[in-house]
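Note sheet for the following structure.
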Amino acid sequence: MTIFDLSGRVAVVTGGNGGIGLGIAEALAGAGCAVSVWGRNAEKNARAVAVLKNTGARAEAQACDVTDAASVKAAMAATLTSFGRVDGCFANAGIGGGGRQGFVERSEDDWRNMFATNLDGVFHVFQAVARHMTKRAAAGDAFGRLVATSSIASLFGTARNEHYAASKAAINALVRALAVELARYGVTANAILPGWIRSEMTEGLMANDKFVGNVMPRIPMRRFGEPADFGGIAVYLMSGASSYHTADCFVIDGGYAAF
């Protein structure tokens, strides 16, 4: 057994059926963690579970819309029926803004839809999981990991994407508050801030030569990130190695923010 061995642990990964979420789920499964993928698309869920089971890990999927508190509660109950416990939650489900419309034209529906998924979704999921973790801690089993996927858009000015940026900045503040509030239960809370990563959300941008020509020179690593680049930080945060590491925002961007 090593410090990064996740045998016996159970993690939920929302939006774990593709992109960064699947990269996280694969790494956790490879380290011995049981994984419950929560996502809206049944076909993608099934494909993700098949990938995870190929690692030899226990894996399942729950149909879940994180914007719906009842859907989240049902997914949590089903996961507990399957695995008996949840030790970590990676709140990764989210939507992008696309940068197609300016702020003064932004509709209230656009604004609220963004926050419904990117912020309210994290609230619903973290609340359900934290309720379970704090009850377990009261019974003498104090351990929990809350990790939210934010974005470097929470650090930089992002034209025509202010609703997305605001939703992600709120996540950074949320995890810091939860880190302080839940520490007494052995629960840590952190955020991961991806840079430019290849995924379904960014495939349109990365097919745009002008975008690539402008952004690539700003990335010291001279490549876009891949979902697998988030496996190491996920295993670290899920493991005992990170037991004293909380309230942090991990920038995973190939050096973009530093250059």
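For the structure tokens, the naming scheme is as follows: chains receive sequential letters (A, B, ...) according to their order of presentation, residues are indexed from 1 within each chain, and ligands are indexed from 1 in presentation order.
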Item to check | A:Val37 environment, 8 Å, only C-alpha atoms, sequence neighbours closer than 5 positions dropped, as a PyMOL selection string | outcome: chain A and resi 12-17+25+45+48-49+59-62
Using only C-alpha atoms, tabulate the residues of stretch 96-189 of chain A lying at most 12 Å from any atom of stretch 233-236 of chain A, each with its closest atom pair and that distance in Å to one decimal, by chain and increasing residue number, as a tab-separated table.
```
residue	atom	partner	partner_atom	distance
A:Arg145	CA	A:Ala234	CA	10.2
A:Leu146	CA	A:Ala234	CA	10.7
A:Val147	CA	A:Ala234	CA	8.4
A:Ala148	CA	A:Ala234	CA	10.6
A:Thr149	CA	A:Ala234	CA	10.7
```
Next on the checklist: Which residues are close to stretch 201-206 of chain A, i.e. within 10 Å by only C-alpha atoms, leaving aside same-chain residues fewer than 5 positions away? Reply as a PyMOL selection string.
Outcome noted: chain A and resi 19+94-98+196+211-213+215+224
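Here atom CA of A:Met114 stands at a distance of 20.8 Å from atom CA of A:Ala128.
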Next on the checklist: Taking only C-alpha atoms into account, name the residue in A:Ser199, A:Ser107, A:Asn214, A:Thr188 that is nearest to A:Thr246.
Outcome noted: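 Checking each candidate against A:Thr246, we get A:Thr188 as the closest.
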Checklist entry - If you count only C-alpha atoms, which residues fall within 8 Å of stretch 169-178 of chain A, apart from same-chain ones fewer than 3 positions away, as a ChimeraX atom specification? => result /A:119,122,146-148,150,153-155,165-166,181-183,188-191,246-249
Checklist entry - Any idea what's packed within 9 Å of A:Arg160, counting only C-alpha atoms, ignoring anything in its chain fewer than 6 positions away? Could you give it as JSON, numbers by chain? => result {"A": [97, 98, 99, 100, 101, 102, 103, 106]}
Checklist entry - Among stretch 35-149 of chain A, which ones does DSSP place in strand (DSSP E), written as a PyMOL selection string? => result chain A and resi 35-39+59-63+88-91+144-149
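Checking A:Ala93, A:Ala159, A:Val66, A:Leu52 one by one against A:Gln127, counting only C-alpha atoms, you find the shortest gap at A:Val66.
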Next on the checklist: Set the distance at 12 Å and use only C-alpha atoms: which residues neighbour A:Ala78 once local chain neighbours fewer than 3 positions away are removed? I'd like the list as a PyMOL selection string.
Outcome noted: chain A and resi 12+36-38+60-64+71-75+81-86
Keeping N, CA, C and O atoms for every residue in the selection just given, could you write it to a file as a PDB file, in the first residue's frame?
```
ATOM      1  N   VAL A  12     -17.498  10.153  -6.137  1.00  0.00           N
ATOM      2  CA  VAL A  12     -18.485  10.583  -7.125  1.00  0.00           C
ATOM      3  C   VAL A  12     -17.806  11.584  -8.047  1.00  0.00           C
ATOM      4  O   VAL A  12     -17.089  12.478  -7.580  1.00  0.00           O
ATOM      5  N   SER A  36     -18.445   6.414  -8.917  1.00  0.00           N
ATOM      6  CA  SER A  36     -19.812   6.590  -9.404  1.00  0.00           C
ATOM      7  C   SER A  36     -19.845   7.819 -10.300  1.00  0.00           C
ATOM      8  O   SER A  36     -19.573   8.933  -9.844  1.00  0.00           O
ATOM      9  N   VAL A  37     -20.131   7.599 -11.560  1.00  0.00           N
ATOM     10  CA  VAL A  37     -20.214   8.680 -12.546  1.00  0.00           C
ATOM     11  C   VAL A  37     -21.643   9.197 -12.564  1.00  0.00           C
ATOM     12  O   VAL A  37     -22.591   8.429 -12.740  1.00  0.00           O
ATOM     13  N   TRP A  38     -21.792  10.507 -12.360  1.00  0.00           N
ATOM     14  CA  TRP A  38     -23.115  11.125 -12.448  1.00  0.00           C
ATOM     15  C   TRP A  38     -23.160  11.986 -13.700  1.00  0.00           C
ATOM     16  O   TRP A  38     -22.363  12.925 -13.855  1.00  0.00           O
ATOM     17  N   GLU A  60     -19.905   2.479 -11.466  1.00  0.00           N
ATOM     18  CA  GLU A  60     -21.315   2.531 -11.831  1.00  0.00           C
ATOM     19  C   GLU A  60     -21.602   3.936 -12.337  1.00  0.00           C
ATOM     20  O   GLU A  60     -20.751   4.828 -12.258  1.00  0.00           O
ATOM     21  N   ALA A  61     -22.807   4.129 -12.856  1.00  0.00           N
ATOM     22  CA  ALA A  61     -23.233   5.463 -13.279  1.00  0.00           C
ATOM     23  C   ALA A  61     -24.639   5.715 -12.772  1.00  0.00           C
ATOM     24  O   ALA A  61     -25.446   4.792 -12.649  1.00  0.00           O
ATOM     25  N   GLN A  62     -24.919   6.976 -12.485  1.00  0.00           N
ATOM     26  CA  GLN A  62     -26.252   7.405 -12.103  1.00  0.00           C
ATOM     27  C   GLN A  62     -26.693   8.530 -13.032  1.00  0.00           C
ATOM     28  O   GLN A  62     -25.927   9.462 -13.277  1.00  0.00           O
ATOM     29  N   ALA A  63     -27.920   8.420 -13.559  1.00  0.00           N
ATOM     30  CA  ALA A  63     -28.482   9.516 -14.341  1.00  0.00           C
ATOM     31  C   ALA A  63     -28.747  10.667 -13.386  1.00  0.00           C
ATOM     32  O   ALA A  63     -29.460  10.506 -12.394  1.00  0.00           O
ATOM     33  N   CYS A  64     -28.147  11.810 -13.660  1.00  0.00           N
ATOM     34  CA  CYS A  64     -28.259  12.926 -12.722  1.00  0.00           C
ATOM     35  C   CYS A  64     -28.161  14.261 -13.450  1.00  0.00           C
ATOM     36  O   CYS A  64     -27.251  14.466 -14.253  1.00  0.00           O
ATOM     37  N   SER A  71     -32.970  15.311  -8.298  1.00  0.00           N
ATOM     38  CA  SER A  71     -32.165  14.373  -9.081  1.00  0.00           C
ATOM     39  C   SER A  71     -30.861  14.055  -8.364  1.00  0.00           C
ATOM     40  O   SER A  71     -30.407  12.901  -8.333  1.00  0.00           O
ATOM     41  N   VAL A  72     -30.250  15.058  -7.766  1.00  0.00           N
ATOM     42  CA  VAL A  72     -29.002  14.868  -7.020  1.00  0.00           C
ATOM     43  C   VAL A  72     -29.235  13.980  -5.797  1.00  0.00           C
ATOM     44  O   VAL A  72     -28.458  13.060  -5.513  1.00  0.00           O
ATOM     45  N   LYS A  73     -30.304  14.240  -5.071  1.00  0.00           N
ATOM     46  CA  LYS A  73     -30.607  13.423  -3.888  1.00  0.00           C
ATOM     47  C   LYS A  73     -30.832  11.962  -4.274  1.00  0.00           C
ATOM     48  O   LYS A  73     -30.395  11.049  -3.570  1.00  0.00           O
ATOM     49  N   ALA A  74     -31.522  11.742  -5.392  1.00  0.00           N
ATOM     50  CA  ALA A  74     -31.772  10.378  -5.856  1.00  0.00           C
ATOM     51  C   ALA A  74     -30.474   9.686  -6.254  1.00  0.00           C
ATOM     52  O   ALA A  74     -30.254   8.506  -5.945  1.00  0.00           O
ATOM     53  N   ALA A  75     -29.587  10.409  -6.945  1.00  0.00           N
ATOM     54  CA  ALA A  75     -28.300   9.844  -7.344  1.00  0.00           C
ATOM     55  C   ALA A  75     -27.455   9.504  -6.121  1.00  0.00           C
ATOM     56  O   ALA A  75     -26.791   8.462  -6.072  1.00  0.00           O
ATOM     57  N   THR A  81     -26.510   3.108  -1.889  1.00  0.00           N
ATOM     58  CA  THR A  81     -27.014   1.733  -1.967  1.00  0.00           C
ATOM     59  C   THR A  81     -25.985   0.822  -2.625  1.00  0.00           C
ATOM     60  O   THR A  81     -25.773  -0.322  -2.205  1.00  0.00           O
ATOM     61  N   SER A  82     -25.332   1.337  -3.653  1.00  0.00           N
ATOM     62  CA  SER A  82     -24.343   0.536  -4.392  1.00  0.00           C
ATOM     63  C   SER A  82     -23.056   0.325  -3.613  1.00  0.00           C
ATOM     64  O   SER A  82     -22.514  -0.777  -3.554  1.00  0.00           O
ATOM     65  N   PHE A  83     -22.540   1.418  -3.001  1.00  0.00           N
ATOM     66  CA  PHE A  83     -21.195   1.372  -2.428  1.00  0.00           C
ATOM     67  C   PHE A  83     -21.146   1.556  -0.917  1.00  0.00           C
ATOM     68  O   PHE A  83     -20.098   1.337  -0.310  1.00  0.00           O
ATOM     69  N   GLY A  84     -22.242   2.008  -0.311  1.00  0.00           N
ATOM     70  CA  GLY A  84     -22.293   2.117   1.142  1.00  0.00           C
ATOM     71  C   GLY A  84     -21.716   3.379   1.737  1.00  0.00           C
ATOM     72  O   GLY A  84     -21.959   3.690   2.902  1.00  0.00           O
ATOM     73  N   ARG A  85     -20.952   4.110   0.944  1.00  0.00           N
ATOM     74  CA  ARG A  85     -20.298   5.325   1.437  1.00  0.00           C
ATOM     75  C   ARG A  85     -19.835   6.157   0.255  1.00  0.00           C
ATOM     76  O   ARG A  85     -19.709   5.654  -0.875  1.00  0.00           O
ATOM     77  N   VAL A  86     -19.563   7.434   0.502  1.00  0.00           N
ATOM     78  CA  VAL A  86     -18.912   8.309  -0.477  1.00  0.00           C
ATOM     79  C   VAL A  86     -17.819   9.064   0.262  1.00  0.00           C
ATOM     80  O   VAL A  86     -18.090   9.779   1.223  1.00  0.00           O
TER      81      VAL A  86
END
```
Next on the checklist: Ranking A:Ala77, A:Leu193, A:Met1, A:Cys33 by minimum distance to A:Phe230 and counting only C-alpha atoms, which one comes first?
Outcome noted: A:Leu193
Checklist entry - If we count only C-alpha atoms, what is near A:Gly195 at a cut-off of 9 Å, once residues fewer than 2 positions away on the same chain are taken out, given as a ChimeraX atom specification? => result /A:151-153,193,197,224-225,251-257
Item to check | For A:Gly30, the nearest of the candidates A:Ala57, A:Cys89, A:Ala11, A:Ala69, counting only C-alpha atoms | outcome: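 Among the listed residues, A:Ala57 lies closest to A:Gly30.
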Next on the checklist: So the first atom is atom CA of A:Val180 and the second is atom CA of A:Pro194; what is the distance between them in Å, to one decimal place?
Outcome noted: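 Interatomic distance here is 23.4 Å.
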Next on the checklist: Using DSSP secondary structure from the backbone, list all helix (DSSP H, G or I) positions within stretch 18-96 of chain A, as a VMD selection string.
Outcome noted: chain A and resid 19 to 30 42 to 53 69 to 83
Checklist entry - Distance atom CA of A:Asp120-atom CA of A:Thr158, one decimal place? => result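 Computed distance, atom CA of A:Asp120 to atom CA of A:Thr158, equals 21.2 Å.
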